[in-house]
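Below is one structure; the comments refer to it alone.
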Amino acid sequence: MFAVVRLLNGFEKTLWYKVPDALLTRNLVGSVVRVPLQNRKESALVIRQAAMLDRGIDFKIKEIIDLEGFPGDVNFNAFIEKIAQFYFIDSFHFYQRIRNFLHESDDVDELIPPDYQPSDSDRIILTDEQQVVVDYVAPHITNPTYTPVLVHGVTGSGKTEIYKRLISQAIGEKKTVLLILPEVSLSLQFQHVLQRQLPTIPIVGFHSATKIAEKRMLWQSLLDQKPIVIIGVHLPMLLPIANLGLIIVDEEHEQGFQEKKHPKINSKEIALWRASMYKIPIILGSATPSLQSLANVERHGWKFFQIKRRFAGAFPDIQKVILMGSNNRRRDVFWVSRELETAVRDCLARKEQAMIYLNRRGYSFFVQCKPCGFIFACPHCSVSLTLHVSKQRINKNNQQAHEQTLLRCHYCDFNQALPTQCTSCKADEKHFLKKGIGTQQLVQIFKELFPHASIERADLDSTSKKRAWQKTVELFEQGKIDILIGTQTITKGYNFPGVTLVGILWADLNLHFPVFNASETTLQQLIQVAGRAGRARSQSKVIVQVMHDHPIFNYVNEQRYLDFCKQELEVRNEIGYPPFGRLVHLELKTKNVGHVERDAEHLCDQLRAINEERDLKVTILGPSFPAVYKIQNYEMRHIFLRAKAYTPIHELIDSLDTTLIQSDLYVVVNS
């Protein structure tokens, strides 16, 4: 008996090995084995077995050494094959990904979450609303059944307390729990809190910031089938786990569950598949549940629970301010309304704290030459360069600093000093217009408006400096920072009891993105930001500044969120967009613009011909330019496929002849 294997070290060709007598009675397909290669031993995945060698193989065949230590998860191979088929990916990719991640060296800076005070969770008495959820899910852990549960808990309602009770039960029954979140920073935050509050339960993170020693400890726990809580974003869903008993998806509405790099797998979607295949309960929690999940409650019988009351504090008052209206033409700064400026002054006078949200980092969006209209753009990506201001130390004593203005690309990180003259017309830099606003400029504006206030910034630029960010969070928690200005970094995962005012600038910015769910994602983000106010106070306020009015701003009060969802679902149903249909796009990617355009047209012709011939009833749109059609010199084109179900789309894609395609081709499934 022989086995055909692929090495997990990345070697692309298949190799033949003889199956030793001790393994002859086993089906090795899908197993990881150790094989000899030259003077070393390598891990390999068995992709098929054969009684005889293929013709033409006349060299000596070495023997498999033994089985690699691999958790005894009987459902794992079928689960991986389902993902591979759905996303048109070789299943080998997933085995290789886990192997590489487990064996890579420590090359990441440790992310250190802020230091929280430990609390005794056993002393916390659950509210009636929380207890109802726990009582419903608990029996399905003890007697495993596939049970999808959607928990709509308003901001500050204590969803974490529900998770903790169910985690404790699952671990007590010797079962492992997967807890996935949409961002690594949020995963670290959760990990730190749970380790403090559940000190007797083994809790480990599995993500890009996990140290190699922790990864190996996790792997050994899986081999030994020890109960453990695994926290992460994407990678935990790909682990073989023999004793999996519960999956928790927190902030289930977030787009971060879909990977940004290809293959763009959606971790929330495969979490549902896994719960179904393993016949275990899965909890999806959010203050702003996705329309897809709410539709599943109606169409597929998911259990739905609402937690309508906050664990502490009260809901904030919401005030909308339209900047383009006549009432706001007279103000000191264009970006700060009179209402917001007054509210901040009152907040500071009461010795309370404010958070200001703007979903744009940097100093300004772009720099434009006024005489000729030229805009400084990235040479490698189809985007304008964002202006950033950084402080550079200039003496040995590290005492003095000067500001350096840089133009930076937020896609490839290309940067250059701001030129002293226009690249196009040679006009002097005094004629440059700095358009738009970012968090850096906003900090400067607020320091000028409130010179005696302590003001800090929280965005990707500042939070990437882990220890500095840790200090910022600690100072804000202690009340030593008056105003925190930031992007999405400040919208979730943190509980700042002293915040009584939240200001949201340019709240309608994301409504202009060319995506079908712009209204849904924008409102979810606004509610999450607004939810930072009043966590521990009876009175708080949120000021929502917009350029132009829009119906979604009537629903920023989160108690009206489901009213918006009902209305939006009716619109989606009429036009056949998710959750009442499937939307998939093909992405072609190459550095040769001629190749990508020819390939896109060729694929579109094929798709239309197959669709008509088989009467698949798939709507084909494109080829089209994505909003950002070039990144790091790679040109991209998209072809969109829409149908009532995924099956005809899958058949259509599976029938394509891609032998003449020179571009890289990826399938992206929009959930």
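By order in the structure tokens, chains are A, B, ...; within a chain, residues start at 1; ligands start at 1, following the order shown.
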Filtered DSSP result for region 513-636 of chain A, state alpha helix (DSSP H), as a short mmCIF file (atom, residue, chain, number, x, y, z; two decimals) with N, CA and C atoms, in the first residue's frame:
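Writing the result to states28.cif gives the following:
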data_model
loop_
_atom_site.label_atom_id
_atom_site.label_comp_id
_atom_site.auth_asym_id
_atom_site.auth_seq_id
_atom_site.Cartn_x
_atom_site.Cartn_y
_atom_site.Cartn_z
N ALA A 518 -24.46 49.80 2.93
CA ALA A 518 -23.85 50.99 3.54
C ALA A 518 -24.70 51.55 4.68
N SER A 519 -26.02 51.57 4.51
CA SER A 519 -26.89 52.10 5.57
C SER A 519 -26.81 51.23 6.81
N GLU A 520 -26.83 49.92 6.64
CA GLU A 520 -26.78 48.99 7.77
C GLU A 520 -25.48 49.15 8.55
N THR A 521 -24.35 49.10 7.85
CA THR A 521 -23.06 49.14 8.55
C THR A 521 -22.80 50.51 9.18
N THR A 522 -23.26 51.57 8.52
CA THR A 522 -23.08 52.91 9.08
C THR A 522 -23.87 53.06 10.37
N LEU A 523 -25.13 52.64 10.37
CA LEU A 523 -25.95 52.76 11.58
C LEU A 523 -25.39 51.90 12.70
N GLN A 524 -24.96 50.70 12.39
CA GLN A 524 -24.37 49.83 13.42
C GLN A 524 -23.17 50.51 14.07
N GLN A 525 -22.33 51.13 13.26
CA GLN A 525 -21.15 51.80 13.79
C GLN A 525 -21.54 52.98 14.68
N LEU A 526 -22.53 53.75 14.24
CA LEU A 526 -22.95 54.91 15.02
C LEU A 526 -23.54 54.50 16.37
N ILE A 527 -24.34 53.44 16.37
CA ILE A 527 -24.93 52.97 17.63
C ILE A 527 -23.85 52.46 18.57
N GLN A 528 -22.87 51.75 18.02
CA GLN A 528 -21.78 51.24 18.86
C GLN A 528 -21.00 52.40 19.48
N VAL A 529 -20.76 53.46 18.71
CA VAL A 529 -20.05 54.63 19.25
C VAL A 529 -20.90 55.31 20.31
N ALA A 530 -22.17 55.54 19.98
CA ALA A 530 -23.06 56.22 20.92
C ALA A 530 -23.18 55.43 22.22
N TYR A 561 -33.46 50.39 16.85
CA TYR A 561 -32.67 49.69 15.83
C TYR A 561 -33.50 48.68 15.05
N LEU A 562 -34.33 47.90 15.73
CA LEU A 562 -35.11 46.87 15.04
C LEU A 562 -36.15 47.49 14.09
N ASP A 563 -36.57 48.73 14.36
CA ASP A 563 -37.47 49.41 13.43
C ASP A 563 -36.76 49.66 12.11
N PHE A 564 -35.49 50.09 12.19
CA PHE A 564 -34.70 50.27 10.97
C PHE A 564 -34.55 48.95 10.23
N CYS A 565 -34.25 47.88 10.98
CA CYS A 565 -34.01 46.57 10.36
C CYS A 565 -35.24 46.10 9.59
N LYS A 566 -36.41 46.30 10.17
CA LYS A 566 -37.64 45.88 9.50
C LYS A 566 -37.80 46.61 8.18
N GLN A 567 -37.55 47.89 8.18
CA GLN A 567 -37.68 48.71 6.96
C GLN A 567 -36.63 48.31 5.93
N GLU A 568 -35.40 48.13 6.37
CA GLU A 568 -34.31 47.80 5.45
C GLU A 568 -34.51 46.40 4.85
N LEU A 569 -35.00 45.47 5.65
CA LEU A 569 -35.25 44.11 5.14
C LEU A 569 -36.30 44.12 4.04
N GLU A 570 -37.29 44.98 4.16
CA GLU A 570 -38.31 45.08 3.12
C GLU A 570 -37.69 45.56 1.80
N VAL A 571 -36.77 46.52 1.90
CA VAL A 571 -36.10 47.03 0.70
C VAL A 571 -35.22 45.94 0.08
N ARG A 572 -34.45 45.25 0.91
CA ARG A 572 -33.56 44.19 0.42
C ARG A 572 -34.38 43.08 -0.27
N ASN A 573 -35.53 42.76 0.30
CA ASN A 573 -36.37 41.70 -0.26
C ASN A 573 -36.86 42.08 -1.66
N GLU A 574 -37.21 43.34 -1.83
CA GLU A 574 -37.72 43.81 -3.11
C GLU A 574 -36.66 43.72 -4.21
N ILE A 575 -35.41 43.98 -3.86
CA ILE A 575 -34.35 44.02 -4.89
C ILE A 575 -33.51 42.75 -4.91
N VAL A 593 -2.06 45.50 -16.65
CA VAL A 593 -3.40 46.04 -16.83
C VAL A 593 -4.07 45.46 -18.08
N GLY A 594 -3.29 45.17 -19.12
CA GLY A 594 -3.85 44.58 -20.33
C GLY A 594 -4.39 43.19 -20.08
N HIS A 595 -3.64 42.40 -19.31
CA HIS A 595 -4.07 41.04 -18.99
C HIS A 595 -5.36 41.04 -18.17
N VAL A 596 -5.43 41.90 -17.17
CA VAL A 596 -6.60 41.87 -16.29
C VAL A 596 -7.86 42.30 -17.02
N GLU A 597 -7.74 43.27 -17.92
CA GLU A 597 -8.91 43.72 -18.66
C GLU A 597 -9.37 42.67 -19.67
N ARG A 598 -8.42 42.03 -20.34
CA ARG A 598 -8.79 40.98 -21.30
C ARG A 598 -9.40 39.78 -20.58
N ASP A 599 -8.79 39.39 -19.45
CA ASP A 599 -9.30 38.25 -18.69
C ASP A 599 -10.70 38.51 -18.16
N ALA A 600 -10.94 39.73 -17.70
CA ALA A 600 -12.25 40.07 -17.16
C ALA A 600 -13.33 39.98 -18.24
N GLU A 601 -13.04 40.50 -19.42
CA GLU A 601 -14.00 40.42 -20.52
C GLU A 601 -14.23 38.97 -20.94
N HIS A 602 -13.15 38.20 -21.01
CA HIS A 602 -13.24 36.79 -21.41
C HIS A 602 -14.10 36.00 -20.42
N LEU A 603 -13.89 36.22 -19.11
CA LEU A 603 -14.68 35.51 -18.11
C LEU A 603 -16.14 35.93 -18.16
N CYS A 604 -16.40 37.20 -18.37
CA CYS A 604 -17.78 37.68 -18.45
C CYS A 604 -18.52 37.02 -19.62
N ASP A 605 -17.85 36.93 -20.75
CA ASP A 605 -18.46 36.28 -21.92
C ASP A 605 -18.79 34.81 -21.60
N GLN A 606 -17.84 34.13 -20.94
CA GLN A 606 -18.07 32.74 -20.56
C GLN A 606 -19.26 32.61 -19.60
N LEU A 607 -19.27 33.45 -18.59
CA LEU A 607 -20.32 33.38 -17.57
C LEU A 607 -21.70 33.59 -18.19
N ARG A 608 -21.81 34.56 -19.08
CA ARG A 608 -23.11 34.84 -19.70
C ARG A 608 -23.56 33.68 -20.59
N ALA A 609 -22.60 33.09 -21.30
CA ALA A 609 -22.94 31.97 -22.18
C ALA A 609 -23.41 30.76 -21.36
N ILE A 610 -22.68 30.42 -20.31
CA ILE A 610 -23.05 29.27 -19.46
C ILE A 610 -24.38 29.53 -18.76
N ASN A 611 -24.56 30.75 -18.28
CA ASN A 611 -25.79 31.11 -17.57
C ASN A 611 -27.01 30.96 -18.46
N GLU A 612 -26.88 31.40 -19.71
CA GLU A 612 -27.99 31.30 -20.66
C GLU A 612 -28.24 29.86 -21.07
N GLU A 613 -27.15 29.13 -21.33
CA GLU A 613 -27.28 27.74 -21.79
C GLU A 613 -27.96 26.86 -20.74
N ARG A 614 -27.62 27.06 -19.47
CA ARG A 614 -28.15 26.21 -18.40
C ARG A 614 -29.34 26.82 -17.68
#
Tell me, as number ranges by chain, which residues lie within 8 Å of Met1 (chain A), counting only C-alpha atoms; anything in the same chain fewer than 6 positions away does not count. A: 18-19, 24, 49-52
Fewer than 2 positions away in the same chain doesn't count, so skip those; otherwise give me all residues within 8 Å of Ile437 (chain A), counting only C-alpha atoms, as a ChimeraX atom specification. /A:360,362-365,435,439,441-442
Generate the output file for the selected residues, N, CA and C atoms, as a PDB file, in the first residue's frame.
ATOM      1  N   ARG A 360     -11.654  58.695  10.331  1.00  0.00           N
ATOM      2  CA  ARG A 360     -10.563  59.020   9.411  1.00  0.00           C
ATOM      3  C   ARG A 360      -9.328  59.374  10.220  1.00  0.00           C
ATOM      4  N   GLY A 362      -5.079  60.406  10.317  1.00  0.00           N
ATOM      5  CA  GLY A 362      -4.247  61.338   9.568  1.00  0.00           C
ATOM      6  C   GLY A 362      -4.640  62.773   9.867  1.00  0.00           C
ATOM      7  N   TYR A 363      -4.062  63.694   9.086  1.00  0.00           N
ATOM      8  CA  TYR A 363      -4.327  65.120   9.299  1.00  0.00           C
ATOM      9  C   TYR A 363      -5.426  65.600   8.355  1.00  0.00           C
ATOM     10  N   SER A 364      -5.309  65.248   7.076  1.00  0.00           N
ATOM     11  CA  SER A 364      -6.363  65.567   6.111  1.00  0.00           C
ATOM     12  C   SER A 364      -6.380  64.495   5.032  1.00  0.00           C
ATOM     13  N   PHE A 365      -7.516  64.389   4.335  1.00  0.00           N
ATOM     14  CA  PHE A 365      -7.708  63.305   3.364  1.00  0.00           C
ATOM     15  C   PHE A 365      -6.663  63.354   2.249  1.00  0.00           C
ATOM     16  N   LYS A 435      -7.442  69.131   2.070  1.00  0.00           N
ATOM     17  CA  LYS A 435      -8.867  68.845   2.031  1.00  0.00           C
ATOM     18  C   LYS A 435      -9.256  67.773   3.056  1.00  0.00           C
ATOM     19  N   THR A 439      -8.059  62.457  12.333  1.00  0.00           N
ATOM     20  CA  THR A 439      -7.974  62.543  13.796  1.00  0.00           C
ATOM     21  C   THR A 439      -6.816  63.413  14.261  1.00  0.00           C
ATOM     22  N   GLN A 441      -5.618  66.203  12.851  1.00  0.00           N
ATOM     23  CA  GLN A 441      -6.031  67.602  12.779  1.00  0.00           C
ATOM     24  C   GLN A 441      -7.094  67.902  13.828  1.00  0.00           C
ATOM     25  N   LEU A 442      -7.965  66.915  14.087  1.00  0.00           N
ATOM     26  CA  LEU A 442      -9.026  67.125  15.066  1.00  0.00           C
ATOM     27  C   LEU A 442      -8.451  67.338  16.465  1.00  0.00           C
TER      28      LEU A 442
END
Distance query region 623-636 of chain A at most 8 Å, only C-alpha atoms, self and fewer than 3 positions along chain excluded, as an MDAnalysis selection string: chainID A and resid 380:383 411:412 514 587:593 596 600:601 604 639:640
Store the residues picked out above, limited to C-alpha atoms, as a PDB file, in the first residue's frame.
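Resulting contents of out_2.pdb:
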ATOM      1  CA  HIS A 380       1.459  52.057  -6.326  1.00  0.00           C
ATOM      2  CA  CYS A 381      -2.269  52.310  -5.449  1.00  0.00           C
ATOM      3  CA  SER A 382      -5.270  54.078  -6.963  1.00  0.00           C
ATOM      4  CA  VAL A 383      -5.767  56.353  -3.946  1.00  0.00           C
ATOM      5  CA  TYR A 411      -3.006  50.737   1.623  1.00  0.00           C
ATOM      6  CA  CYS A 412       0.689  50.039   0.969  1.00  0.00           C
ATOM      7  CA  PRO A 514     -20.609  51.939  -3.204  1.00  0.00           C
ATOM      8  CA  GLU A 587     -11.751  39.305  -8.339  1.00  0.00           C
ATOM      9  CA  LEU A 588      -9.083  39.265 -11.027  1.00  0.00           C
ATOM     10  CA  LYS A 589      -5.700  40.525  -9.956  1.00  0.00           C
ATOM     11  CA  THR A 590      -2.393  41.016 -11.775  1.00  0.00           C
ATOM     12  CA  LYS A 591       0.264  43.670 -12.344  1.00  0.00           C
ATOM     13  CA  ASN A 592      -0.458  43.758 -16.095  1.00  0.00           C
ATOM     14  CA  VAL A 593      -3.403  46.040 -16.835  1.00  0.00           C
ATOM     15  CA  VAL A 596      -6.596  41.868 -16.287  1.00  0.00           C
ATOM     16  CA  ALA A 600     -12.254  40.068 -17.162  1.00  0.00           C
ATOM     17  CA  GLU A 601     -14.003  40.422 -20.519  1.00  0.00           C
ATOM     18  CA  CYS A 604     -17.778  37.678 -18.447  1.00  0.00           C
ATOM     19  CA  ILE A 639     -17.425  40.606 -11.763  1.00  0.00           C
ATOM     20  CA  PHE A 640     -20.561  40.390  -9.591  1.00  0.00           C
TER      21      PHE A 640
END
7 Å contact set for region 5-17 of chain A, only C-alpha atoms, chain neighbours under 5 positions out, as a short mmCIF file (atom, residue, chain, number, x, y, z; two decimals) with N, CA and C atoms, in the first residue's frame:
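Saved to around01.cif:
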data_model
loop_
_atom_site.label_atom_id
_atom_site.label_comp_id
_atom_site.auth_asym_id
_atom_site.auth_seq_id
_atom_site.Cartn_x
_atom_site.Cartn_y
_atom_site.Cartn_z
N GLU A 42 9.86 15.52 7.65
CA GLU A 42 8.90 16.57 7.32
C GLU A 42 7.48 16.12 7.63
N SER A 43 6.63 17.09 7.93
CA SER A 43 5.20 16.81 8.09
C SER A 43 4.54 16.87 6.72
N ALA A 44 3.56 15.96 6.50
CA ALA A 44 2.90 15.91 5.20
C ALA A 44 1.45 15.49 5.38
N LEU A 45 0.62 15.92 4.43
CA LEU A 45 -0.79 15.56 4.43
C LEU A 45 -1.01 14.46 3.39
N VAL A 46 -1.66 13.38 3.80
CA VAL A 46 -1.97 12.29 2.87
C VAL A 46 -3.20 12.69 2.06
N ILE A 47 -3.04 12.77 0.73
CA ILE A 47 -4.15 13.20 -0.11
C ILE A 47 -4.84 12.03 -0.82
N ILE A 61 11.02 3.80 -3.16
CA ILE A 61 10.02 4.50 -2.37
C ILE A 61 10.33 4.32 -0.88
N LYS A 62 10.49 5.43 -0.20
CA LYS A 62 10.74 5.38 1.24
C LYS A 62 9.43 5.15 1.99
N GLU A 63 9.55 4.83 3.26
CA GLU A 63 8.38 4.50 4.07
C GLU A 63 8.01 5.65 5.01
N ILE A 64 6.69 5.82 5.18
CA ILE A 64 6.21 6.80 6.17
C ILE A 64 6.76 6.43 7.54
N GLN A 96 -1.95 23.49 5.83
CA GLN A 96 -0.67 24.19 5.73
C GLN A 96 -0.68 25.48 6.55
N ARG A 99 -0.33 24.60 10.24
CA ARG A 99 1.04 24.10 10.51
C ARG A 99 2.03 25.25 10.51
#
Region 493-603 of chain A: which residues are strand (DSSP E) by DSSP, as a ChimeraX atom specification? /A:499-504,541-546,582-590
I need the residues from that last selection saved to file as a short mmCIF file (atom, residue, chain, number, x, y, z; two decimals), in the first residue's frame (with N, CA and C atoms), if you can.
data_model
loop_
_atom_site.label_atom_id
_atom_site.label_comp_id
_atom_site.auth_asym_id
_atom_site.auth_seq_id
_atom_site.Cartn_x
_atom_site.Cartn_y
_atom_site.Cartn_z
N VAL A 499 -17.43 58.54 30.92
CA VAL A 499 -17.83 59.21 29.68
C VAL A 499 -19.31 59.56 29.71
N THR A 500 -19.61 60.85 29.61
CA THR A 500 -21.01 61.29 29.57
C THR A 500 -21.34 62.03 28.28
N LEU A 501 -20.33 62.22 27.43
CA LEU A 501 -20.57 62.90 26.15
C LEU A 501 -19.82 62.18 25.04
N VAL A 502 -20.52 61.90 23.95
CA VAL A 502 -19.90 61.35 22.74
C VAL A 502 -20.26 62.27 21.58
N GLY A 503 -19.24 62.73 20.87
CA GLY A 503 -19.46 63.53 19.67
C GLY A 503 -19.05 62.71 18.45
N ILE A 504 -19.94 62.65 17.46
CA ILE A 504 -19.65 61.90 16.23
C ILE A 504 -19.56 62.90 15.08
N LYS A 541 -25.04 62.31 26.88
CA LYS A 541 -25.49 62.91 25.63
C LYS A 541 -24.62 62.46 24.47
N VAL A 542 -25.25 62.32 23.30
CA VAL A 542 -24.53 62.01 22.07
C VAL A 542 -24.93 63.05 21.03
N ILE A 543 -23.93 63.69 20.44
CA ILE A 543 -24.19 64.67 19.37
C ILE A 543 -23.69 64.09 18.07
N VAL A 544 -24.60 63.94 17.12
CA VAL A 544 -24.29 63.33 15.82
C VAL A 544 -24.25 64.43 14.77
N GLN A 545 -23.05 64.76 14.30
CA GLN A 545 -22.88 65.80 13.28
C GLN A 545 -22.90 65.16 11.90
N VAL A 546 -23.73 65.71 11.02
CA VAL A 546 -23.82 65.19 9.65
C VAL A 546 -23.73 66.35 8.67
N ARG A 582 -28.03 35.69 -2.75
CA ARG A 582 -26.58 35.56 -2.57
C ARG A 582 -25.87 36.51 -3.52
N LEU A 583 -24.83 37.16 -3.02
CA LEU A 583 -24.01 38.05 -3.83
C LEU A 583 -22.56 37.59 -3.73
N VAL A 584 -22.00 37.27 -4.88
CA VAL A 584 -20.61 36.79 -4.95
C VAL A 584 -19.89 37.64 -5.98
N HIS A 585 -18.63 37.92 -5.74
CA HIS A 585 -17.89 38.56 -6.83
C HIS A 585 -16.58 37.85 -7.09
N LEU A 586 -16.20 37.85 -8.36
CA LEU A 586 -14.93 37.31 -8.79
C LEU A 586 -13.94 38.46 -8.87
N GLU A 587 -12.78 38.26 -8.29
CA GLU A 587 -11.75 39.31 -8.34
C GLU A 587 -10.58 38.81 -9.17
N LEU A 588 -10.26 39.55 -10.21
CA LEU A 588 -9.08 39.27 -11.03
C LEU A 588 -7.98 40.23 -10.64
N LYS A 589 -6.78 39.73 -10.53
CA LYS A 589 -5.70 40.52 -9.96
C LYS A 589 -4.38 40.19 -10.64
N THR A 590 -3.71 41.20 -11.16
CA THR A 590 -2.39 41.02 -11.78
C THR A 590 -1.74 42.39 -11.93
#
